[in-house]
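Visitor: So that we are looking at the same thing, I have put the structure below in structure tokens.
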Amino acid sequence: MKIDKNLRIFITHVEWWEFEVGVGYIPTKEAPPEAVEAMKRYNEYSD
């Protein structure tokens with residue numbers, strides 16, 4: 001299994017995100033800008 005490049009940026013930093021079913025990953029205030037962008041990109045194409 002191959003991990004997605006955007007997901008790899010933020011997934012191990014659980015303090016950077018929250019997850020909501022139907023919405024996806026939601027950045028917290030601790031998330032750096034590159035992680036916020038990666039979450040936006042990932043949420044656009046993931047289900």
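Order determines the names: the first chain of the structure tokens is A, the second B, and so forth; residues in each chain are numbered 1 upward, and ligands are numbered 1 upward as they are shown.
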Please identify all polymer residues within 6 Å of region 11-21 of chain A, counting only C-alpha atoms, omitting same-chain residues fewer than 5 positions from it, and present them as a list in words.

Guide: Ile26, Pro27, Thr28, Glu30 and Ala31 of chain A

Visitor: Limited to N, CA, C and O atoms, could you put the picked residues into a file as an mmCIF file, in the first residue's frame?

Guide:
```
data_model
loop_
_atom_site.group_PDB
_atom_site.id
_atom_site.type_symbol
_atom_site.label_atom_id
_atom_site.label_comp_id
_atom_site.auth_asym_id
_atom_site.auth_seq_id
_atom_site.Cartn_x
_atom_site.Cartn_y
_atom_site.Cartn_z
ATOM 1 N N ILE A 26 -9.884 18.556 9.278
ATOM 2 C CA ILE A 26 -10.046 19.976 9.602
ATOM 3 C C ILE A 26 -8.809 20.413 10.372
ATOM 4 O O ILE A 26 -8.495 19.841 11.421
ATOM 5 N N PRO A 27 -8.088 21.420 9.858
ATOM 6 C CA PRO A 27 -6.864 21.853 10.538
ATOM 7 C C PRO A 27 -7.161 22.562 11.860
ATOM 8 O O PRO A 27 -8.155 23.272 11.987
ATOM 9 N N THR A 28 -6.290 22.363 12.829
ATOM 10 C CA THR A 28 -6.369 23.084 14.096
ATOM 11 C C THR A 28 -5.483 24.319 13.989
ATOM 12 O O THR A 28 -4.748 24.497 13.016
ATOM 13 N N GLU A 30 -2.845 24.864 15.511
ATOM 14 C CA GLU A 30 -1.435 24.483 15.584
ATOM 15 C C GLU A 30 -0.853 24.068 14.225
ATOM 16 O O GLU A 30 0.362 23.974 14.075
ATOM 17 N N ALA A 31 -1.703 23.802 13.258
ATOM 18 C CA ALA A 31 -1.248 23.305 11.955
ATOM 19 C C ALA A 31 -0.486 24.387 11.181
ATOM 20 O O ALA A 31 -0.975 25.503 11.048
#
```

Visitor: Would you mind listing what lies within 9 Å of Tyr42 (chain A) as a PDB file with N, CA, C and O atoms, in the first residue's frame, with only C-alpha atoms counted and same-chain residues fewer than 4 positions away left out?

Guide:
```pdb
ATOM      1  N   ASP A   4      -0.572   8.441   0.437  1.00  0.00           N
ATOM      2  CA  ASP A   4      -0.752   9.650  -0.354  1.00  0.00           C
ATOM      3  C   ASP A   4       0.235  10.743   0.074  1.00  0.00           C
ATOM      4  O   ASP A   4       0.486  10.926   1.266  1.00  0.00           O
ATOM      5  N   LYS A   5       0.778  11.480  -0.883  1.00  0.00           N
ATOM      6  CA  LYS A   5       1.777  12.500  -0.570  1.00  0.00           C
ATOM      7  C   LYS A   5       1.221  13.629   0.294  1.00  0.00           C
ATOM      8  O   LYS A   5       1.914  14.154   1.150  1.00  0.00           O
ATOM      9  N   ASN A   6      -0.029  14.023   0.084  1.00  0.00           N
ATOM     10  CA  ASN A   6      -0.617  15.073   0.926  1.00  0.00           C
ATOM     11  C   ASN A   6      -0.909  14.563   2.330  1.00  0.00           C
ATOM     12  O   ASN A   6      -0.629  15.245   3.310  1.00  0.00           O
ATOM     13  N   LEU A   7      -1.441  13.366   2.416  1.00  0.00           N
ATOM     14  CA  LEU A   7      -1.751  12.772   3.706  1.00  0.00           C
ATOM     15  C   LEU A   7      -0.481  12.600   4.539  1.00  0.00           C
ATOM     16  O   LEU A   7      -0.483  12.832   5.748  1.00  0.00           O
ATOM     17  N   GLY A  24     -14.134  15.667   6.349  1.00  0.00           N
ATOM     18  CA  GLY A  24     -12.738  15.297   6.153  1.00  0.00           C
ATOM     19  C   GLY A  24     -11.866  15.860   7.252  1.00  0.00           C
ATOM     20  O   GLY A  24     -12.312  16.064   8.377  1.00  0.00           O
ATOM     21  N   TYR A  25     -10.623  16.119   6.921  1.00  0.00           N
ATOM     22  CA  TYR A  25      -9.654  16.618   7.889  1.00  0.00           C
ATOM     23  C   TYR A  25      -9.817  18.120   8.038  1.00  0.00           C
ATOM     24  O   TYR A  25      -9.875  18.857   7.062  1.00  0.00           O
ATOM     25  N   GLU A  37      -2.754  23.417   3.665  1.00  0.00           N
ATOM     26  CA  GLU A  37      -2.914  23.253   2.218  1.00  0.00           C
ATOM     27  C   GLU A  37      -2.998  21.787   1.827  1.00  0.00           C
ATOM     28  O   GLU A  37      -3.789  21.410   0.972  1.00  0.00           O
ATOM     29  N   ALA A  38      -2.188  20.949   2.453  1.00  0.00           N
ATOM     30  CA  ALA A  38      -2.219  19.515   2.159  1.00  0.00           C
ATOM     31  C   ALA A  38      -3.575  18.923   2.536  1.00  0.00           C
ATOM     32  O   ALA A  38      -4.114  18.080   1.815  1.00  0.00           O
ATOM     33  N   SER A  46     -10.545  12.937  -1.771  1.00  0.00           N
ATOM     34  CA  SER A  46     -10.801  11.726  -0.991  1.00  0.00           C
ATOM     35  C   SER A  46     -12.272  11.645  -0.599  1.00  0.00           C
ATOM     36  O   SER A  46     -12.969  12.651  -0.547  1.00  0.00           O
TER      37      SER A  46
END
```

Visitor: Taking the backbone alone, and naming residues the way the document does, which bits of region 1-45 of chain A are strand (DSSP E or B) by DSSP, as a list of chain:residue names?

Guide: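 DSSP on the backbone gives strand (DSSP E or B) at A:Trp17, A:Glu18, A:Phe19, A:Glu20, A:Gly24, A:Tyr25, A:Ile26, A:Pro27.
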
Visitor: Keeping C-alpha atoms for every residue in the selection just given, could you write it to a file as a compact mmCIF listing (two decimals), in the first residue's frame?

Guide:
```txt
# COMPACT_ATOMS: atom_id res chain seq x y z
CA TRP A 17 -6.02 18.06 12.63
CA GLU A 18 -9.47 16.85 13.60
CA PHE A 19 -11.58 14.53 11.48
CA GLU A 20 -15.28 14.92 10.78
CA GLY A 24 -12.74 15.30 6.15
CA TYR A 25 -9.65 16.62 7.89
CA ILE A 26 -10.05 19.98 9.60
CA PRO A 27 -6.86 21.85 10.54
```

Visitor: I need the residue nearest Asp47 (chain A) from this list: A:Ile9, A:Lys2, A:Gly22, A:Ala35. Use only C-alpha atoms for the distance.

Guide: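 Under the stated criterion, the closest residue is A:Gly22.
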